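Enquirer: What follows is target-v6.txt, made up of compact mmCIF, C-alpha atoms:
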```txt
# COMPACT_ATOMS: atom_id res chain seq x y z
CA MET X 26 -221.05 -12.99 22.81
CA ARG X 27 -217.94 -14.71 24.21
CA LYS X 28 -215.86 -13.01 21.54
CA PHE X 29 -216.98 -9.53 22.64
CA ALA X 30 -216.72 -10.38 26.36
CA ALA X 31 -213.11 -11.41 25.87
CA PHE X 32 -212.44 -8.26 23.83
CA ILE X 33 -213.73 -6.05 26.65
CA LEU X 34 -211.67 -7.94 29.20
CA PHE X 35 -208.51 -7.59 27.12
CA SER X 36 -209.26 -3.87 26.87
CA VAL X 37 -209.46 -3.71 30.66
CA VAL X 38 -206.29 -5.77 30.99
CA GLY X 39 -204.55 -3.27 28.79
CA THR X 40 -205.58 -0.47 31.11
CA SER X 41 -204.54 -1.84 34.42
CA GLY X 42 -202.74 1.33 35.53
CA TRP X 43 -199.45 2.96 36.53
CA CYS X 44 -198.54 5.67 38.97
CA GLY X 45 -196.13 8.43 37.96
CA ASP X 46 -192.62 8.72 39.39
CA THR X 47 -193.13 5.93 41.92
CA ILE X 48 -192.32 3.28 39.32
CA ARG X 49 -189.18 2.15 37.56
CA SER X 50 -188.85 2.31 33.84
CA GLY X 51 -188.11 -0.90 31.97
CA LEU X 52 -189.79 -4.24 31.47
CA TRP X 53 -192.76 -5.15 33.66
CA GLU X 54 -194.77 -8.36 33.96
CA VAL X 55 -198.47 -7.70 34.54
CA THR X 56 -200.82 -10.45 35.75
CA THR X 57 -204.59 -10.00 35.65
CA ARG X 58 -207.05 -12.45 37.21
CA SER X 59 -210.82 -12.55 36.73
CA ASP X 60 -213.73 -14.98 36.52
CA LEU X 61 -214.10 -14.10 32.84
CA LEU X 62 -210.49 -15.13 32.15
CA GLY X 63 -211.25 -18.42 33.87
CA LEU X 64 -213.68 -19.17 31.04
CA VAL X 65 -210.93 -18.96 28.41
CA ALA X 66 -209.94 -22.58 29.06
CA HIS X 67 -213.41 -23.59 27.80
CA VAL X 68 -213.19 -21.60 24.55
CA PRO X 69 -212.47 -23.83 21.54
CA SER X 70 -209.11 -23.07 19.90
CA GLU X 71 -210.79 -21.92 16.66
CA GLN X 72 -212.83 -19.34 18.60
CA MET X 73 -209.74 -18.26 20.54
CA GLN X 74 -207.98 -17.61 17.24
CA GLN X 75 -210.94 -15.45 16.17
CA ILE X 76 -210.73 -13.50 19.43
CA THR X 77 -206.99 -13.01 18.95
CA SER X 78 -207.58 -11.80 15.39
CA LEU X 79 -210.31 -9.39 16.55
CA ALA X 80 -208.05 -8.00 19.27
CA ARG X 81 -205.29 -7.39 16.71
CA GLN X 82 -207.74 -5.39 14.57
CA TYR X 83 -208.10 -3.01 17.51
CA GLY X 84 -204.36 -2.85 18.10
CA LEU X 85 -204.41 -5.15 21.13
CA LYS X 86 -202.17 -8.11 21.74
CA VAL X 87 -203.83 -11.00 23.55
CA PRO X 88 -201.62 -11.90 26.52
CA ARG X 89 -200.72 -15.45 27.54
CA ILE X 90 -203.67 -16.86 29.51
CA GLN X 91 -203.37 -19.75 31.94
CA GLU X 92 -205.31 -20.83 35.03
CA GLY X 93 -207.64 -17.81 34.92
CA ALA X 94 -204.84 -15.26 34.60
CA ALA X 95 -203.59 -13.14 31.71
CA ILE X 96 -199.84 -12.57 31.86
CA SER X 97 -198.24 -9.90 29.68
CA LYS X 98 -195.00 -7.98 29.38
CA VAL X 99 -195.15 -4.17 29.22
CA CYS X 100 -192.34 -1.76 28.42
CA ILE X 101 -192.35 1.52 30.40
CA THR X 102 -190.06 4.22 29.03
CA PRO X 103 -188.32 6.68 31.39
CA GLU X 104 -190.65 9.42 30.08
CA MET X 105 -193.73 7.35 30.93
CA ALA X 106 -192.41 6.58 34.42
CA GLU X 107 -191.91 10.31 35.12
CA GLN X 108 -195.53 11.26 34.41
CA ASP X 109 -197.74 11.96 37.42
CA ILE X 110 -200.75 10.18 35.90
CA PRO X 111 -199.91 8.74 32.48
CA SER X 112 -203.27 9.05 30.72
CA HIS X 113 -201.87 7.58 27.49
CA PHE X 114 -202.36 4.15 29.08
CA TYR X 115 -206.09 4.82 29.07
CA GLU X 116 -206.87 7.31 26.32
CA ASN X 117 -208.27 5.77 23.15
CA GLN X 118 -207.88 2.19 24.34
CA SER X 119 -210.63 0.63 22.22
CA GLY X 120 -212.71 3.79 22.34
CA CYS X 121 -212.08 4.58 26.02
CA SER X 122 -211.35 8.03 27.44
CA VAL X 123 -210.16 9.15 30.86
CA VAL X 124 -212.82 11.21 32.62
CA ASN X 125 -211.10 11.55 35.97
CA ALA X 126 -207.67 10.45 37.15
CA SER X 127 -206.04 11.11 40.48
CA ARG X 128 -203.02 10.13 42.48
CA SER X 129 -202.24 10.48 46.15
CA GLY X 130 -198.81 9.23 47.17
CA ASN X 131 -198.51 5.64 46.00
CA ARG X 132 -202.26 5.25 45.31
CA TYR X 133 -203.94 5.92 41.96
CA GLN X 134 -207.44 5.78 40.53
CA VAL X 135 -208.85 6.33 37.07
CA GLU X 136 -212.41 6.60 35.75
CA LEU X 137 -213.00 5.46 32.16
CA VAL X 138 -215.81 6.01 29.69
CA CYS X 139 -215.84 3.76 26.65
CA ASP X 140 -217.86 4.43 23.53
CA ASN X 141 -217.17 2.02 20.73
CA SER X 142 -219.38 0.82 17.90
CA ARG X 143 -219.40 -2.65 19.49
CA PHE X 144 -219.62 -1.75 23.18
CA LYS X 145 -220.27 1.12 25.56
CA GLY X 146 -219.38 1.24 29.21
CA ASN X 147 -217.85 2.80 32.29
CA GLY X 148 -214.93 1.58 34.33
CA HIS X 149 -212.92 2.33 37.43
CA ALA X 150 -209.34 1.25 38.06
CA GLU X 151 -207.42 1.77 41.30
CA GLY X 152 -204.27 0.46 42.83
CA ILE X 153 -201.28 0.83 45.10
CA PHE X 154 -197.57 0.73 44.40
CA SER X 155 -196.05 -1.08 47.37
CA THR X 156 -192.55 -0.34 46.00
CA PRO X 157 -191.23 1.27 42.80
CA GLU X 158 -191.07 -2.30 41.44
CA ARG X 159 -194.47 -3.75 42.48
CA PHE X 160 -198.13 -2.79 42.33
CA THR X 161 -201.55 -4.33 42.94
CA GLY X 162 -204.90 -3.06 41.77
CA LYS X 163 -208.41 -3.80 40.69
CA THR X 164 -210.60 -2.82 37.79
CA GLU X 165 -214.38 -2.82 37.55
CA PHE X 166 -216.06 -2.32 34.22
CA ASN X 167 -219.79 -2.15 33.39
CA SER X 168 -220.67 -2.31 29.72
CA THR X 169 -223.24 -3.24 27.16
CA VAL X 170 -222.11 -5.48 24.32
CA GLN X 171 -224.57 -5.68 21.44
CA GLY X 172 -227.39 -4.88 23.87
CA THR X 173 -226.26 -7.41 26.51
CA PRO X 174 -225.05 -6.07 29.89
CA LEU X 175 -221.63 -7.31 31.00
CA TYR X 176 -219.80 -6.67 34.29
CA VAL X 177 -216.08 -7.45 34.59
CA TYR X 178 -214.05 -7.38 37.80
CA ALA X 179 -210.32 -8.02 37.60
CA GLU X 180 -207.44 -8.01 40.07
CA THR X 181 -204.08 -6.98 38.68
CA SER X 182 -200.52 -7.18 39.94
CA GLY X 183 -197.32 -6.05 38.36
CA ARG X 184 -193.65 -6.57 38.97
CA TRP X 185 -190.61 -4.92 37.44
CA ILE X 186 -188.42 -7.44 35.62
CA GLY X 187 -185.49 -5.37 34.43
CA ALA X 188 -184.20 -2.14 32.92
CA GLN X 189 -184.07 -3.38 29.31
CA CYS X 190 -187.29 -3.93 27.38
CA GLU X 191 -185.61 -5.84 24.54
CA ALA X 192 -188.29 -7.05 22.07
CA VAL X 193 -191.31 -5.54 23.89
CA GLN X 194 -192.47 -2.22 22.42
CA PRO X 195 -193.58 0.65 24.74
CA VAL X 196 -197.29 1.25 25.12
CA ARG X 197 -198.46 4.02 22.80
```
For the structure just supplied, provide its representation as C-alpha cells.

Expert:
Amino acid sequence: MRKFAAFILFSVVGTSGWCGDTIRSGLWEVTTRSDLLGLVAHVPSEQMQQITSLARQYGLKVPRIQEGAAISKVCITPEMAEQDIPSHFYENQSGCSVVNASRSGNRYQVELVCDNSRFKGNGHAEGIFSTPERFTGKTEFNSTVQGTPLYVYAETSGRWIGAQCEAVQPVR
C-alpha cells in the first residue's frame, strides 16, 4: 500500500502546475509538501528503492525528499512558457487526463481524471504566480488504490533558478 501511495503522490508532484506567459523559461526548483511525504522518512531504504524503481517504470523520476518535502528541478522551454495553459504537464501523467483547465490573470486551476490499472481518481490543482519567477499552489487528489481510498493534499511552491537548464530535460 505504501508503494502505491507514494506513486500517486509522485504523480501529483509531477503535475503541480504552470501558468502560460506569466512565467520565465529555464530551470525551476519545485518544492512540494504533504503529510504523505512526511512518511517517507519511515520507509525502509529497500522499500524506497522499490518505489523509485516503480516510478521509473512509469517514466517518473523520484525527487529528493527531506523533512516532508519533495524538491525537484524542472526545465521549462520558451515554447512551454508561452502556452496559455500547458496541458502537456497534465496529460497522460500516469494515466491522468485534463478535464478542465482555466486561467485568469496570474491564477490557474486544473481538474484531472486518472484512470490507471493500479489506481483511479480525481484531482484539482490551483495556484498563483506572484511574479514571473515564483508560484505557490495546492493539489488535492482523491483516488482508490487497489480498492483502498486515498486522499492526498499537497502544497507546492516554485522558484525560477536560471535561464539555462543544463542537465535537466524538459517535461514531455

Enquirer: Between X:Arg89, X:Arg49, X:Arg159, X:Lys145, which one has atoms that come closest to X:Thr181, using only C-alpha atoms?

Expert: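 Closest to X:Thr181, using only C-alpha atoms: X:Arg159.
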
Enquirer: When distances are computed from only C-alpha atoms, which of X:Ser182, X:Ser122, X:Gln189, X:Ser142 shows the smallest separation from X:Thr164?

Expert: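 Closest to X:Thr164, using only C-alpha atoms: X:Ser182.
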
Enquirer: How many Å lie between atom CA of X:Ala126 and atom CA of X:Ala150, rounded to one decimal?

Expert: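 The value is 9.4 Å.
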
Enquirer: Can you list, as an mmCIF file with C-alpha atoms, keeping the file's coordinate frame, every protein, DNA or RNA residue that comes within 10 Å of X:Ser155 when you count only C-alpha atoms, leaving out same-chain residues fewer than 4 positions away?

Expert:
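Everything below was put into part.cif:
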```cif
data_model
loop_
_atom_site.group_PDB
_atom_site.id
_atom_site.type_symbol
_atom_site.label_atom_id
_atom_site.label_comp_id
_atom_site.auth_asym_id
_atom_site.auth_seq_id
_atom_site.Cartn_x
_atom_site.Cartn_y
_atom_site.Cartn_z
ATOM 1 C CA THR X 47 -193.130 5.930 41.920
ATOM 2 C CA ILE X 48 -192.320 3.280 39.320
ATOM 3 C CA ASN X 131 -198.510 5.640 46.000
ATOM 4 C CA ARG X 132 -202.260 5.250 45.310
ATOM 5 C CA ARG X 159 -194.470 -3.750 42.480
ATOM 6 C CA PHE X 160 -198.130 -2.790 42.330
ATOM 7 C CA THR X 161 -201.550 -4.330 42.940
#
```

Enquirer: Mind checking which residues fall within 9 Å of X:Asn147, counting only C-alpha atoms, ignoring those fewer than 4 positions away in the same chain, and posting them as a ChimeraX atom specification?

Expert: /X:121,136-140,165-168

Enquirer: Filtering to C-alpha atoms, could you give me those residues as a short mmCIF file (atom, residue, chain, number, x, y, z; two decimals), keeping the file's coordinate frame?

Expert:
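Below is the file that was written, part_2.cif:
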```
data_model
loop_
_atom_site.label_atom_id
_atom_site.label_comp_id
_atom_site.auth_asym_id
_atom_site.auth_seq_id
_atom_site.Cartn_x
_atom_site.Cartn_y
_atom_site.Cartn_z
CA CYS X 121 -212.08 4.58 26.02
CA GLU X 136 -212.41 6.60 35.75
CA LEU X 137 -213.00 5.46 32.16
CA VAL X 138 -215.81 6.01 29.69
CA CYS X 139 -215.84 3.76 26.65
CA ASP X 140 -217.86 4.43 23.53
CA GLU X 165 -214.38 -2.82 37.55
CA PHE X 166 -216.06 -2.32 34.22
CA ASN X 167 -219.79 -2.15 33.39
CA SER X 168 -220.67 -2.31 29.72
#
```

Enquirer: Return the padded bounding box of stretch 64-69 of chain X as AutoDock Vina command-line options: axis-aligned, built from all atoms listed in the file, 6 Å added on each side, with centre and edge lengths in Å to one decimal.

Expert:
```
--center_x -211.8 --center_y -21.4 --center_z 26.3 --size_x 15.7 --size_y 16.9 --size_z 21.5
```

Enquirer: Check the smallest atom-to-atom distance from each of X:Gln134, X:Thr77, X:Ser97, X:Gln82 to X:Gly152 using all atoms listed in the file, then report the winner.

Expert: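 Among X:Gln134, X:Thr77, X:Ser97, X:Gln82, it is X:Gln134 that comes nearest to X:Gly152.
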
Enquirer: Go through X:Ser59, X:Asn125, X:Ser50, X:Gln75 one by one, measure the shortest atom-to-atom distance of each to X:Val99 using only C-alpha atoms, and give the residue with the smallest value.

Expert: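 Using only C-alpha atoms, X:Val99 sits closest to X:Ser50.
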
Enquirer: In Å to one decimal, how far is atom CA of X:Arg143 from atom CA of X:Thr169?

Expert: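 Result for atom CA of X:Thr169 versus atom CA of X:Arg143: 8.6 Å, one decimal.
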
Enquirer: Choose the residue, out of X:Thr102, X:Thr57, X:Thr173, X:Asn141, that has the smallest atom-to-atom separation from X:Pro88; count only C-alpha atoms.

Expert: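 Once distances to X:Pro88 are computed over only C-alpha atoms, the minimum belongs to X:Thr57.
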
Enquirer: Please, which residues are within 7 Å of (-191.1, 2.4, 29.8) by the file's coordinates, counting only C-alpha atoms, and could they come as a compact mmCIF listing (two decimals) with C-alpha atoms, in the frame of the given file?

Expert:
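So the final result, stored in selection-v8.txt, reads:
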```txt
# COMPACT_ATOMS: atom_id res chain seq x y z
CA SER X 50 -188.85 2.31 33.84
CA GLY X 51 -188.11 -0.90 31.97
CA LEU X 52 -189.79 -4.24 31.47
CA CYS X 100 -192.34 -1.76 28.42
CA ILE X 101 -192.35 1.52 30.40
CA THR X 102 -190.06 4.22 29.03
CA PRO X 103 -188.32 6.68 31.39
CA MET X 105 -193.73 7.35 30.93
CA ALA X 106 -192.41 6.58 34.42
CA PRO X 195 -193.58 0.65 24.74
```

Enquirer: Suppose you want the space between atom CA of X:Ser127 and atom CA of X:Ala188; what is it in Å?

Expert: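 Distance between the two atoms: 26.6 Å.
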
Enquirer: For X:Gln91, which residue out of X:Val65, X:Val170, X:Val124, X:Leu175 is the nearest one, using all atoms listed in the file?

Expert: X:Val65

Enquirer: Can you tell me which residues surround stretch 94-96 of chain X at a distance of at most 9 Å, considering only C-alpha atoms, apart from same-chain residues fewer than 4 positions away, and format the answer as a list in words?

Expert: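 My reading of the contact set: Phe35, Val38, Glu54, Val55, Thr56, Thr57, Arg58, Ser59, Leu62, Gly63, Val87, Pro88, Arg89 and Ile90 of chain X.
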